[in-house]
$ cat upload.txt   # compact mmCIF, C-alpha atoms
# COMPACT_ATOMS: atom_id res chain seq x y z
CA MET F 1 8.67 -29.11 31.54
CA SER F 2 5.35 -27.89 32.89
CA ASN F 3 6.96 -26.05 35.78
CA THR F 4 9.47 -24.46 33.40
CA LEU F 5 6.68 -23.31 31.09
CA PHE F 6 4.61 -21.98 33.97
CA SER F 7 7.50 -19.96 35.38
CA LEU F 8 8.71 -18.44 32.11
CA SER F 9 9.81 -14.86 32.61
CA THR F 10 11.30 -12.06 30.57
CA SER F 11 15.06 -12.33 30.27
CA ALA F 12 17.82 -10.64 28.35
CA ALA F 13 17.75 -13.54 25.90
CA SER F 14 14.04 -13.12 25.14
CA ILE F 15 12.90 -11.73 21.80
CA THR F 16 11.34 -8.34 22.45
CA ASN F 17 10.45 -7.15 18.95
CA LEU F 18 8.44 -9.24 16.57
CA ASP F 19 9.88 -10.33 13.25
CA THR F 20 6.92 -10.65 10.88
CA SER F 21 8.75 -13.33 8.90
CA GLN F 22 9.11 -15.44 12.04
CA SER F 23 8.60 -19.09 11.17
CA LYS F 24 10.09 -20.60 14.32
CA LEU F 25 7.82 -21.21 17.27
CA LEU F 26 7.80 -18.39 19.83
CA VAL F 27 6.55 -18.99 23.37
CA MET F 28 5.54 -15.89 25.32
CA PRO F 29 4.75 -15.64 29.04
CA LEU F 30 1.78 -13.25 29.11
CA GLN F 31 2.03 -11.71 32.57
CA ASP F 32 -0.31 -8.94 31.42
CA TYR F 33 -3.21 -11.37 31.78
CA LYS F 34 -5.08 -12.75 34.79
CA LEU F 35 -8.17 -14.95 35.04
CA LEU F 36 -11.58 -14.82 36.67
CA ASP F 37 -13.82 -17.79 37.41
CA ILE F 38 -17.63 -17.56 37.29
CA GLU F 39 -19.15 -20.76 38.68
CA GLY F 40 -22.68 -21.90 39.45
CA PRO F 41 -26.06 -22.62 37.82
CA ASP F 42 -26.50 -18.94 36.86
CA ALA F 43 -23.00 -18.37 35.44
CA GLU F 44 -24.12 -18.07 31.81
CA LYS F 45 -27.27 -16.13 32.73
CA LEU F 46 -25.28 -13.56 34.71
CA LEU F 47 -22.73 -12.92 31.97
CA GLN F 48 -25.37 -12.98 29.22
CA GLY F 49 -27.20 -10.13 30.96
CA GLN F 50 -24.06 -8.10 31.55
CA CYS F 51 -21.71 -8.46 28.59
CA THR F 52 -21.66 -7.62 24.90
CA CYS F 53 -21.09 -11.12 23.47
CA ASP F 54 -23.46 -14.09 23.26
CA PHE F 55 -22.43 -16.65 25.87
CA ARG F 56 -24.68 -19.31 24.35
CA ARG F 57 -21.92 -19.82 21.79
CA LEU F 58 -19.73 -21.39 24.46
CA ASN F 59 -21.86 -24.52 24.10
CA SER F 60 -20.40 -24.97 20.61
CA GLY F 61 -16.83 -24.84 21.86
CA ASP F 62 -16.24 -21.24 20.79
CA TRP F 63 -14.11 -18.93 22.86
CA LEU F 64 -15.55 -15.41 23.00
CA ARG F 65 -14.18 -11.92 22.88
CA GLY F 66 -16.38 -9.39 24.66
CA ALA F 67 -16.75 -6.51 27.06
CA HIS F 68 -18.56 -5.57 30.24
CA CYS F 69 -19.88 -2.01 30.05
CA ASN F 70 -21.42 0.50 32.41
CA PRO F 71 -25.00 1.75 31.84
CA LYS F 72 -23.63 4.52 29.59
CA GLY F 73 -22.05 1.94 27.30
CA ARG F 74 -18.46 2.66 28.28
CA ILE F 75 -16.24 -0.36 28.69
CA LEU F 76 -15.38 -1.42 32.23
CA SER F 77 -13.40 -4.46 31.11
CA SER F 78 -12.72 -6.55 28.04
CA PHE F 79 -12.09 -10.27 28.11
CA VAL F 80 -11.63 -13.57 26.35
CA ALA F 81 -14.04 -16.19 27.71
CA GLN F 82 -13.95 -19.98 27.70
CA GLY F 83 -16.67 -22.32 28.89
CA LEU F 84 -15.13 -25.14 30.92
CA THR F 85 -18.48 -26.72 31.84
CA PRO F 86 -22.10 -25.48 31.54
CA GLN F 87 -21.70 -24.02 35.05
CA HIS F 88 -18.10 -22.84 34.89
CA ILE F 89 -16.94 -19.95 32.70
CA ARG F 90 -13.45 -18.50 32.82
CA LEU F 91 -12.57 -14.95 31.72
CA ARG F 92 -9.09 -13.75 30.76
CA VAL F 93 -8.65 -10.03 31.54
CA HIS F 94 -5.80 -7.54 31.80
CA HIS F 95 -4.00 -7.93 35.13
CA SER F 96 -4.48 -4.24 36.00
CA ILE F 97 -8.28 -4.59 36.07
CA GLN F 98 -8.65 -8.09 37.48
CA GLN F 99 -10.05 -6.91 40.81
CA THR F 100 -11.97 -4.02 39.22
CA ALA F 101 -13.64 -6.38 36.74
CA LEU F 102 -14.41 -8.84 39.52
CA SER F 103 -16.03 -6.16 41.69
CA ALA F 104 -18.10 -4.80 38.79
CA LEU F 105 -19.56 -8.25 38.07
CA GLN F 106 -20.11 -9.02 41.76
CA LYS F 107 -22.46 -6.03 42.04
CA TYR F 108 -24.86 -7.77 39.66
CA ALA F 109 -24.38 -11.27 41.10
CA VAL F 110 -25.96 -10.67 44.51
CA PHE F 111 -29.20 -12.50 43.70
CA SER F 112 -27.69 -15.10 41.36
CA LYS F 113 -26.62 -18.66 42.09
CA VAL F 114 -23.04 -18.00 41.16
CA GLN F 115 -19.63 -17.56 42.73
CA LEU F 116 -16.98 -15.25 41.32
CA SER F 117 -13.30 -15.46 42.14
CA ALA F 118 -9.90 -14.28 40.97
CA VAL F 119 -7.66 -17.09 39.74
CA GLU F 120 -4.00 -16.84 40.69
CA SER F 121 -2.80 -20.38 40.03
CA ILE F 122 -2.96 -20.27 36.23
CA GLN F 123 -0.40 -18.77 33.85
CA VAL F 124 -1.36 -17.53 30.39
CA VAL F 125 1.22 -18.42 27.74
CA GLY F 126 1.08 -17.42 24.07
CA LEU F 127 2.42 -19.47 21.15
CA TYR F 128 3.09 -17.85 17.78
CA SER F 129 4.53 -18.89 14.46
CA LEU F 130 3.72 -18.35 10.82
CA GLN F 131 4.05 -22.14 10.63
CA LEU F 132 2.09 -22.81 13.84
CA GLU F 133 -0.23 -25.51 12.55
CA GLN F 134 2.50 -27.28 10.60
CA ILE F 135 4.85 -27.33 13.62
CA LEU F 136 2.23 -28.69 16.00
CA THR F 137 0.59 -31.19 13.68
CA THR F 138 4.01 -32.54 12.66
CA ALA F 139 4.52 -33.27 16.37
CA ASN F 140 1.19 -35.14 16.41
CA LEU F 141 -0.45 -32.45 18.53
CA GLU F 142 -4.12 -31.71 17.99
CA ILE F 143 -5.11 -28.07 18.39
CA PRO F 144 -8.52 -26.40 18.15
CA ALA F 145 -9.77 -24.79 14.96
CA ILE F 146 -9.58 -21.01 14.72
CA GLY F 147 -12.11 -19.50 17.11
CA LYS F 148 -12.46 -22.72 19.10
CA ALA F 149 -11.22 -23.76 22.54
CA ALA F 150 -10.46 -27.05 24.22
CA TRP F 151 -10.12 -27.93 27.89
CA LEU F 152 -8.01 -30.94 28.66
CA GLU F 153 -9.42 -31.60 32.10
CA ASN F 154 -7.01 -34.33 33.14
CA SER F 155 -3.97 -32.21 32.35
CA GLN F 156 -5.51 -28.93 33.56
CA LEU F 157 -4.72 -27.23 30.27
CA SER F 158 -6.85 -24.85 28.20
CA LEU F 159 -6.04 -24.26 24.54
CA LEU F 160 -7.60 -21.33 22.66
CA ARG F 161 -6.90 -20.91 18.95
CA ILE F 162 -6.76 -17.13 18.55
CA ASP F 163 -6.03 -17.02 14.82
CA ALA F 164 -4.07 -18.87 12.15
CA HIS F 165 -0.74 -18.16 13.81
CA ARG F 166 -1.56 -17.86 17.53
CA LEU F 167 -2.56 -20.18 20.33
CA GLU F 168 -3.13 -19.40 24.01
CA MET F 169 -2.35 -21.92 26.75
CA TRP F 170 -3.87 -21.49 30.22
CA ILE F 171 -1.70 -23.72 32.35
CA THR F 172 -1.10 -24.55 36.02
CA LYS F 173 2.01 -25.61 37.89
CA GLU F 174 0.49 -29.07 38.19
CA THR F 175 -0.17 -29.45 34.49
CA SER F 176 1.47 -32.58 33.11
CA LEU F 177 2.32 -32.01 29.48
CA SER F 178 2.68 -34.86 27.02
CA SER F 179 6.08 -35.80 25.62
CA GLN F 180 5.01 -34.27 22.28
CA TRP F 181 4.36 -30.90 23.91
CA THR F 182 7.59 -31.13 25.87
CA GLU F 183 9.64 -31.78 22.75
CA VAL F 184 8.01 -28.98 20.74
CA LEU F 185 8.34 -26.39 23.50
CA ALA F 186 11.96 -27.35 24.14
CA THR F 187 12.83 -26.14 20.63
CA ALA F 188 10.86 -22.88 20.87
CA GLU F 189 12.35 -19.44 21.42
CA THR F 190 11.16 -17.24 24.27
CA ALA F 191 9.63 -13.86 23.47
CA THR F 192 8.17 -11.15 25.67
CA ALA F 193 4.56 -10.04 26.06
CA ASN F 194 5.42 -6.97 23.96
CA CYS F 195 5.47 -9.26 20.90
CA TRP F 196 1.93 -10.44 21.72
CA LYS F 197 0.86 -6.81 22.04
CA GLN F 198 2.29 -6.13 18.58
CA LEU F 199 0.29 -9.05 17.21
CA ASN F 200 -2.88 -7.64 18.79
CA ILE F 201 -2.20 -4.23 17.26
CA ARG F 202 -1.69 -5.77 13.83
CA ALA F 203 -4.93 -7.69 14.33
CA GLY F 204 -6.75 -4.46 15.25
CA ILE F 205 -7.50 -5.66 18.78
CA THR F 206 -7.47 -3.39 21.82
CA GLU F 207 -7.80 -4.89 25.28
CA ILE F 208 -8.94 -2.75 28.19
CA ASP F 209 -6.43 -2.00 30.93
CA ILE F 210 -6.77 0.38 33.85
CA GLU F 211 -5.93 3.41 31.68
CA LEU F 212 -8.81 2.65 29.32
CA HIS F 213 -11.28 1.68 32.05
CA GLU F 214 -14.64 3.49 31.42
CA GLN F 215 -13.10 5.68 28.70
CA LEU F 216 -14.44 4.24 25.47
CA LEU F 217 -17.49 2.79 23.74
CA PRO F 218 -17.14 -0.60 21.99
CA HIS F 219 -17.54 1.05 18.57
CA GLU F 220 -14.53 3.26 19.26
CA LEU F 221 -12.43 0.08 19.44
CA ASN F 222 -14.01 -1.62 16.40
CA TYR F 223 -15.50 -4.25 18.70
CA GLN F 224 -18.47 -4.59 16.35
CA LEU F 225 -15.97 -5.65 13.65
CA ILE F 226 -14.02 -8.24 15.67
CA ASP F 227 -17.01 -10.31 16.83
CA ALA F 228 -16.95 -8.83 20.36
CA VAL F 229 -20.53 -7.48 20.23
CA SER F 230 -23.72 -9.38 19.47
CA PHE F 231 -26.69 -7.36 18.23
CA ARG F 232 -29.07 -10.35 18.40
CA LYS F 233 -28.63 -11.62 21.95
CA GLY F 234 -31.03 -9.28 23.74
CA CYS F 235 -30.55 -6.89 26.62
CA TYR F 236 -27.40 -6.36 28.65
CA THR F 237 -25.97 -3.45 30.62
CA GLY F 238 -25.20 -0.57 28.23
CA GLN F 239 -26.99 -2.32 25.36
CA GLU F 240 -29.40 0.53 24.56
CA ILE F 241 -26.61 3.04 23.88
CA ILE F 242 -24.42 0.50 22.08
CA SER F 243 -27.27 -0.58 19.78
CA ARG F 244 -28.36 3.00 19.13
CA THR F 245 -24.81 3.89 18.15
CA HIS F 246 -24.68 0.92 15.79
CA TYR F 247 -28.04 1.37 14.07
CA LYS F 248 -28.72 5.08 14.19
CA ALA F 249 -25.42 6.95 14.46
CA THR F 250 -23.12 7.83 11.59
CA LEU F 251 -19.72 6.63 12.74
CA LYS F 252 -17.08 9.10 11.62
CA LYS F 253 -14.14 7.61 13.53
CA HIS F 254 -12.66 4.13 13.67
CA LEU F 255 -9.64 2.39 15.05
CA TYR F 256 -6.72 2.29 12.59
CA ALA F 257 -3.21 0.84 12.82
CA LEU F 258 -0.05 2.80 12.10
CA ARG F 259 3.70 2.48 12.38
CA LEU F 260 5.50 5.65 13.51
CA THR F 261 9.25 6.21 13.51
CA LEU F 262 10.52 9.08 15.65
CA ALA F 263 14.09 10.36 15.50
CA SER F 264 15.81 11.15 18.80
CA ALA F 265 16.53 14.67 17.52
CA SER F 266 13.81 15.54 15.05
CA GLY F 267 13.20 19.25 15.17
CA ASN F 268 10.70 18.95 17.98
CA THR F 269 8.90 21.74 19.72
CA GLU F 270 10.90 23.92 22.08
CA GLY F 271 11.89 22.03 25.19
CA ASN F 272 12.01 18.75 23.30
CA GLN F 273 14.74 19.62 20.81
CA GLY F 274 17.15 16.71 20.65
CA SER F 275 15.44 14.78 23.42
CA THR F 276 14.74 11.07 23.30
CA PRO F 277 11.09 10.43 22.40
CA GLN F 278 8.97 9.51 25.38
CA ALA F 279 6.68 6.49 25.56
CA ILE F 280 3.58 6.73 23.41
CA THR F 281 0.55 6.25 25.64
CA PHE F 282 -3.24 6.44 25.60
CA GLY F 283 -4.39 9.93 24.66
CA SER F 284 -1.26 10.96 22.73
CA LYS F 285 -2.39 13.20 19.87
CA LEU F 286 -1.84 12.54 16.19
CA LEU F 287 -1.59 15.64 13.99
CA ASP F 288 -1.69 16.44 10.29
CA GLN F 289 0.88 18.64 8.52
CA ASN F 290 -0.97 21.76 9.66
CA GLY F 291 -0.81 20.77 13.29
CA SER F 292 -4.51 19.91 13.47
CA LYS F 293 -5.57 16.96 15.59
CA ILE F 294 -6.83 14.00 13.54
CA GLY F 295 -6.93 11.33 16.23
CA VAL F 296 -5.63 9.94 19.50
CA VAL F 297 -3.53 6.92 20.34
CA ILE F 298 -5.40 4.11 22.09
CA GLN F 299 -2.61 1.55 22.52
CA ALA F 300 1.00 1.35 21.34
CA ALA F 301 3.92 -1.07 21.35
CA LYS F 302 7.56 -0.17 20.82
CA VAL F 303 9.09 -2.30 18.08
CA SER F 304 12.62 -0.91 17.77
CA PRO F 305 15.52 -2.01 19.99
CA SER F 306 15.90 0.10 23.13
CA ASP F 307 19.35 1.31 22.05
CA ALA F 308 18.28 2.35 18.55
CA GLY F 309 18.87 5.93 17.41
CA GLU F 310 15.28 6.04 16.22
CA GLN F 311 12.20 4.77 17.99
CA THR F 312 9.64 2.83 16.01
CA TRP F 313 6.18 2.20 17.40
CA GLU F 314 3.16 0.33 16.16
CA LEU F 315 -0.11 1.67 17.44
CA LEU F 316 -3.86 1.66 17.25
CA ALA F 317 -5.45 5.09 17.11
CA LEU F 318 -8.98 6.42 16.97
CA ILE F 319 -8.91 8.51 13.80
CA ARG F 320 -11.44 10.33 11.65
CA ASP F 321 -12.28 8.25 8.61
CA SER F 322 -11.70 11.29 6.41
CA ASP F 323 -8.06 11.38 7.57
CA TYR F 324 -7.35 7.71 6.98
CA GLY F 325 -4.32 7.25 4.73
CA HIS F 326 -2.91 10.73 5.41
CA GLU F 327 0.76 10.78 4.39
CA ASN F 328 2.04 13.35 6.85
CA VAL F 329 0.82 12.22 10.23
CA THR F 330 2.98 13.11 13.20
CA LEU F 331 2.80 12.78 16.95
CA GLU F 332 2.53 15.73 19.31
CA PRO F 333 4.98 17.23 20.30
CA TYR F 334 7.32 15.74 17.67
CA SER F 335 7.28 17.62 14.39
CA ASN F 336 9.00 14.99 12.26
CA ALA F 337 7.81 11.40 12.04
CA LYS F 338 7.81 8.72 9.38
CA THR F 339 4.36 7.23 9.06
CA GLN F 340 3.20 3.94 7.59
CA TRP F 341 -0.43 2.87 7.67
CA LEU F 342 -0.85 -0.81 8.50
CA THR F 343 -3.53 -2.98 6.93
CA LEU F 344 -6.03 -4.47 9.36
CA PRO F 345 -7.27 -8.04 8.82
CA TYR F 346 -10.87 -6.83 8.78
CA ALA F 347 -12.56 -4.15 6.68
CA ILE F 348 -13.92 -0.84 7.93
CA PRO F 349 -17.46 -0.58 6.47
CA LYS F 350 -17.32 1.10 3.06
CA GLU F 351 -19.94 3.68 3.91
CA HIS F 352 -17.52 5.10 6.48
CA GLN F 353 -14.45 5.18 4.27
CA PRO F 354 -13.30 8.55 2.87
CA ASN F 355 -14.26 9.35 -0.71
$ encode --input "upload.txt" --output "structure tokens"
Amino acid sequence: MSNTLFSLSTSAASITNLDTSQSKLLVMPLQDYKLLDIEGPDAEKLLQGQCTCDFRRLNSGDWLRGAHCNPKGRILSSFVAQGLTPQHIRLRVHHSIQQTALSALQKYAVFSKVQLSAVESIQVVGLYSLQLEQILTTANLEIPAIGKAAWLENSQLSLLRIDAHRLEMWITKETSLSSQWTEVLATAETATANCWKQLNIRAGITEIDIELHEQLLPHELNYQLIDAVSFRKGCYTGQEIISRTHYKATLKKHLYALRLTLASASGNTEGNQGSTPQAITFGSKLLDQNGSKIGVVIQAAKVSPSDAGEQTWELLALIRDSDYGHENVTLEPYSNAKTQWLTLPYAIPKEHQPN
């Protein structure tokens, strides 16, 4: 079973669009992710002086969400971190920046007792269900509490409890799963990484890929609201600008989630009349009814079937607080779109909300 789980791939039978009422267990091969290992006596010290989160929390079994920024505070890479031992920390990053993130950290590791390496032998797999805990505990499987991680050294398996309904498995080809795991996973349905991306969007979480590399400050991705920035840990690269933005700036924009439905022939601008909507990507502009820009798309996931007459997308966009909740948002260059604002699981500070 372990080899089958490790080699899961997208197939025609895989679920590609998330059903929010999904109660069955979904297993998702997350090829978008790769891992980095930081090993040695100075592993924690190096990352503590470079990244936005407080790596001392790894000692309590927490997994961490954080970012590595340049001196101007712009994000080079984002990650999820797990402490395997006091001298071994593993980072999960987007596959498109694995080598870039590794090189950026290596520049600061020259005088540290630490070794950094890309990990290719481990597959990241996501588990999701609205009944996740019930399904796994019924099978006599112990899983970490939300925000906690466990490393089962003998079986070479990492478990990270992302939220109430999600669990990440970091697994190798050699991992020997218990009969309980084998039985549970045998009854699961396979879904694609696009479903995991939808879950991140609904959770208000943006992860840095090569398109977003060095483009944004942590505050522009709500990182201060998702426990990805510590303001008590002390100095790190980019900390001065990030802290100044937090304490002294008036933030007028935040990341918001929306669902947009675009018709294939929707009265678009000349040259797009009747055309199939193109992929929504980073930088796509959101407009109000007067054609004025109110924000830009940061990340998006298509949620409608590929053969649908309409295209429905869920997205995270950096939008002016004063335009939050606007009823007539559309996407350039499409003049007709149905818009639904999605509720994030965390609150935007009230002082920044529109009157």
$ closest_residue --input "upload.txt" --among "F:Ile97, F:Leu152, F:Val184, F:Ala300" --to "Ser77 of chain F" --atoms "all atoms listed in the file"
F:Ile97
$ closest_residue --input "upload.txt" --among "F:Ser14, F:Ser112, F:Thr175, F:Ser60" --to "Lys45 of chain F" --atoms "all atoms listed in the file"
F:Ser112
$ atom_distance --input "upload.txt" --atom1 "atom CA of Asn328 of chain F" --atom2 "atom CA of Lys285 of chain F"
13.8 Å
$ atom_distance --input "upload.txt" --atom1 "atom CA of Tyr334 of chain F" --atom2 "atom CA of Thr261 of chain F"
10.6 Å
$ residues_near_point --input "upload.txt" --point "(8.4, -26.6, 13.4)" --cutoff "12 Å" --atoms "only C-alpha atoms" --output "ChimeraX atom specification"
/F:22-26,128-141,183-189
$ write_last_selection --input "upload.txt" --atoms "C-alpha atoms" --output "short mmCIF file (atom, residue, chain, number, x, y, z; two decimals), in the coordinates of the input"
data_model
loop_
_atom_site.label_atom_id
_atom_site.label_comp_id
_atom_site.auth_asym_id
_atom_site.auth_seq_id
_atom_site.Cartn_x
_atom_site.Cartn_y
_atom_site.Cartn_z
CA GLN F 22 9.11 -15.44 12.04
CA SER F 23 8.60 -19.09 11.17
CA LYS F 24 10.09 -20.60 14.32
CA LEU F 25 7.82 -21.21 17.27
CA LEU F 26 7.80 -18.39 19.83
CA TYR F 128 3.09 -17.85 17.78
CA SER F 129 4.53 -18.89 14.46
CA LEU F 130 3.72 -18.35 10.82
CA GLN F 131 4.05 -22.14 10.63
CA LEU F 132 2.09 -22.81 13.84
CA GLU F 133 -0.23 -25.51 12.55
CA GLN F 134 2.50 -27.28 10.60
CA ILE F 135 4.85 -27.33 13.62
CA LEU F 136 2.23 -28.69 16.00
CA THR F 137 0.59 -31.19 13.68
CA THR F 138 4.01 -32.54 12.66
CA ALA F 139 4.52 -33.27 16.37
CA ASN F 140 1.19 -35.14 16.41
CA LEU F 141 -0.45 -32.45 18.53
CA GLU F 183 9.64 -31.78 22.75
CA VAL F 184 8.01 -28.98 20.74
CA LEU F 185 8.34 -26.39 23.50
CA ALA F 186 11.96 -27.35 24.14
CA THR F 187 12.83 -26.14 20.63
CA ALA F 188 10.86 -22.88 20.87
CA GLU F 189 12.35 -19.44 21.42
#
$ atom_distance --input "upload.txt" --atom1 "atom CA of Ala191 of chain F" --atom2 "atom CA of Leu18 of chain F"
8.4 Å
$ closest_residue --input "upload.txt" --among "F:Ile89, F:Ile294, F:Ile242, F:Val110" --to "Gln48 of chain F" --atoms "all atoms listed in the file"
F:Ile89
$ closest_residue --input "upload.txt" --among "F:Asp62, F:Glu142, F:Asp37, F:Glu44" --to "Ser121 of chain F" --atoms "all atoms listed in the file"
F:Asp37
$ closest_residue --input "upload.txt" --among "F:Cys195, F:Leu30, F:Ile208, F:Ala203" --to "Arg74 of chain F" --atoms "only C-alpha atoms"
F:Ile208
$ closest_residue --input "upload.txt" --among "F:His219, F:Asp209, F:Tyr256, F:Thr190" --to "Arg244 of chain F" --atoms "only C-alpha atoms"
F:His219
$ residues_near_point --input "upload.txt" --point "(-28.9, -12.6, 32.8)" --cutoff "12 Å" --atoms "all atoms listed in the file" --output "PyMOL selection string"
chain F and resi 41-52+54-56+105+108-109+111-114+233-237
$ decode --input "upload.txt" --residues "segment 149-222 of chain F" --atoms "C-alpha atoms" --output "mmCIF file, in the first residue's frame"
data_model
loop_
_atom_site.group_PDB
_atom_site.id
_atom_site.type_symbol
_atom_site.label_atom_id
_atom_site.label_comp_id
_atom_site.auth_asym_id
_atom_site.auth_seq_id
_atom_site.Cartn_x
_atom_site.Cartn_y
_atom_site.Cartn_z
ATOM 1 C CA ALA F 149 2.906 17.419 13.911
ATOM 2 C CA ALA F 150 4.177 13.925 14.575
ATOM 3 C CA TRP F 151 7.129 12.055 13.111
ATOM 4 C CA LEU F 152 6.871 8.301 13.187
ATOM 5 C CA GLU F 153 10.566 7.600 12.823
ATOM 6 C CA ASN F 154 10.352 3.847 12.405
ATOM 7 C CA SER F 155 7.852 4.111 9.568
ATOM 8 C CA GLN F 156 9.418 7.238 8.013
ATOM 9 C CA LEU F 157 6.101 9.058 8.082
ATOM 10 C CA SER F 158 5.338 12.664 9.028
ATOM 11 C CA LEU F 159 1.785 13.686 9.921
ATOM 12 C CA LEU F 160 0.822 17.368 10.082
ATOM 13 C CA ARG F 161 -2.690 18.335 11.169
ATOM 14 C CA ILE F 162 -3.426 21.380 9.019
ATOM 15 C CA ASP F 163 -6.938 22.090 10.283
ATOM 16 C CA ALA F 164 -10.072 20.275 11.426
ATOM 17 C CA HIS F 165 -10.568 18.604 8.059
ATOM 18 C CA ARG F 166 -7.053 18.281 6.614
ATOM 19 C CA LEU F 167 -3.970 16.209 7.287
ATOM 20 C CA GLU F 168 -0.662 16.142 5.411
ATOM 21 C CA MET F 169 1.413 12.971 5.092
ATOM 22 C CA TRP F 170 5.095 13.193 4.143
ATOM 23 C CA ILE F 171 5.879 9.665 3.053
ATOM 24 C CA THR F 172 8.680 7.695 1.389
ATOM 25 C CA LYS F 173 8.630 4.661 -0.876
ATOM 26 C CA GLU F 174 10.011 2.633 2.014
ATOM 27 C CA THR F 175 7.317 3.697 4.455
ATOM 28 C CA SER F 176 5.544 0.686 5.934
ATOM 29 C CA LEU F 177 2.003 1.666 6.801
ATOM 30 C CA SER F 178 0.003 -0.140 9.452
ATOM 31 C CA SER F 179 -2.937 -2.341 8.513
ATOM 32 C CA GLN F 180 -5.271 0.360 9.890
ATOM 33 C CA TRP F 181 -3.844 2.963 7.516
ATOM 34 C CA THR F 182 -3.957 0.498 4.633
ATOM 35 C CA GLU F 183 -7.620 -0.275 5.216
ATOM 36 C CA VAL F 184 -8.642 3.383 5.555
ATOM 37 C CA LEU F 185 -6.751 4.528 2.469
ATOM 38 C CA ALA F 186 -8.110 1.638 0.412
ATOM 39 C CA THR F 187 -11.617 3.077 0.824
ATOM 40 C CA ALA F 188 -10.616 6.682 0.029
ATOM 41 C CA GLU F 189 -11.273 8.467 -3.245
ATOM 42 C CA THR F 190 -8.437 10.096 -5.166
ATOM 43 C CA ALA F 191 -8.559 13.838 -5.819
ATOM 44 C CA THR F 192 -6.164 16.192 -7.555
ATOM 45 C CA ALA F 193 -3.966 18.915 -6.089
ATOM 46 C CA ASN F 194 -6.452 21.465 -7.461
ATOM 47 C CA CYS F 195 -8.821 20.447 -4.654
ATOM 48 C CA TRP F 196 -6.106 21.186 -2.079
ATOM 49 C CA LYS F 197 -5.572 24.568 -3.708
ATOM 50 C CA GLN F 198 -9.291 25.280 -3.363
ATOM 51 C CA LEU F 199 -9.088 24.401 0.326
ATOM 52 C CA ASN F 200 -6.167 26.803 0.758
ATOM 53 C CA ILE F 201 -8.105 29.568 -0.975
ATOM 54 C CA ARG F 202 -11.109 29.002 1.272
ATOM 55 C CA ALA F 203 -8.756 29.070 4.254
ATOM 56 C CA GLY F 204 -7.277 32.382 3.051
ATOM 57 C CA ILE F 205 -3.814 30.870 2.543
ATOM 58 C CA THR F 206 -1.499 31.843 -0.298
ATOM 59 C CA GLU F 207 1.699 29.886 -0.859
ATOM 60 C CA ILE F 208 4.556 31.427 -2.807
ATOM 61 C CA ASP F 209 5.399 29.930 -6.188
ATOM 62 C CA ILE F 210 7.821 31.222 -8.798
ATOM 63 C CA GLU F 211 5.283 33.774 -10.094
ATOM 64 C CA LEU F 212 4.963 35.358 -6.655
ATOM 65 C CA HIS F 213 8.674 35.182 -5.812
ATOM 66 C CA GLU F 214 9.826 38.597 -4.431
ATOM 67 C CA GLN F 215 6.528 40.251 -5.412
ATOM 68 C CA LEU F 216 4.690 40.703 -2.132
ATOM 69 C CA LEU F 217 5.043 41.655 1.523
ATOM 70 C CA PRO F 218 3.691 39.240 4.160
ATOM 71 C CA HIS F 219 0.913 41.691 5.077
ATOM 72 C CA GLU F 220 -0.351 41.647 1.501
ATOM 73 C CA LEU F 221 -1.069 37.927 1.965
ATOM 74 C CA ASN F 222 -2.597 38.248 5.459
#
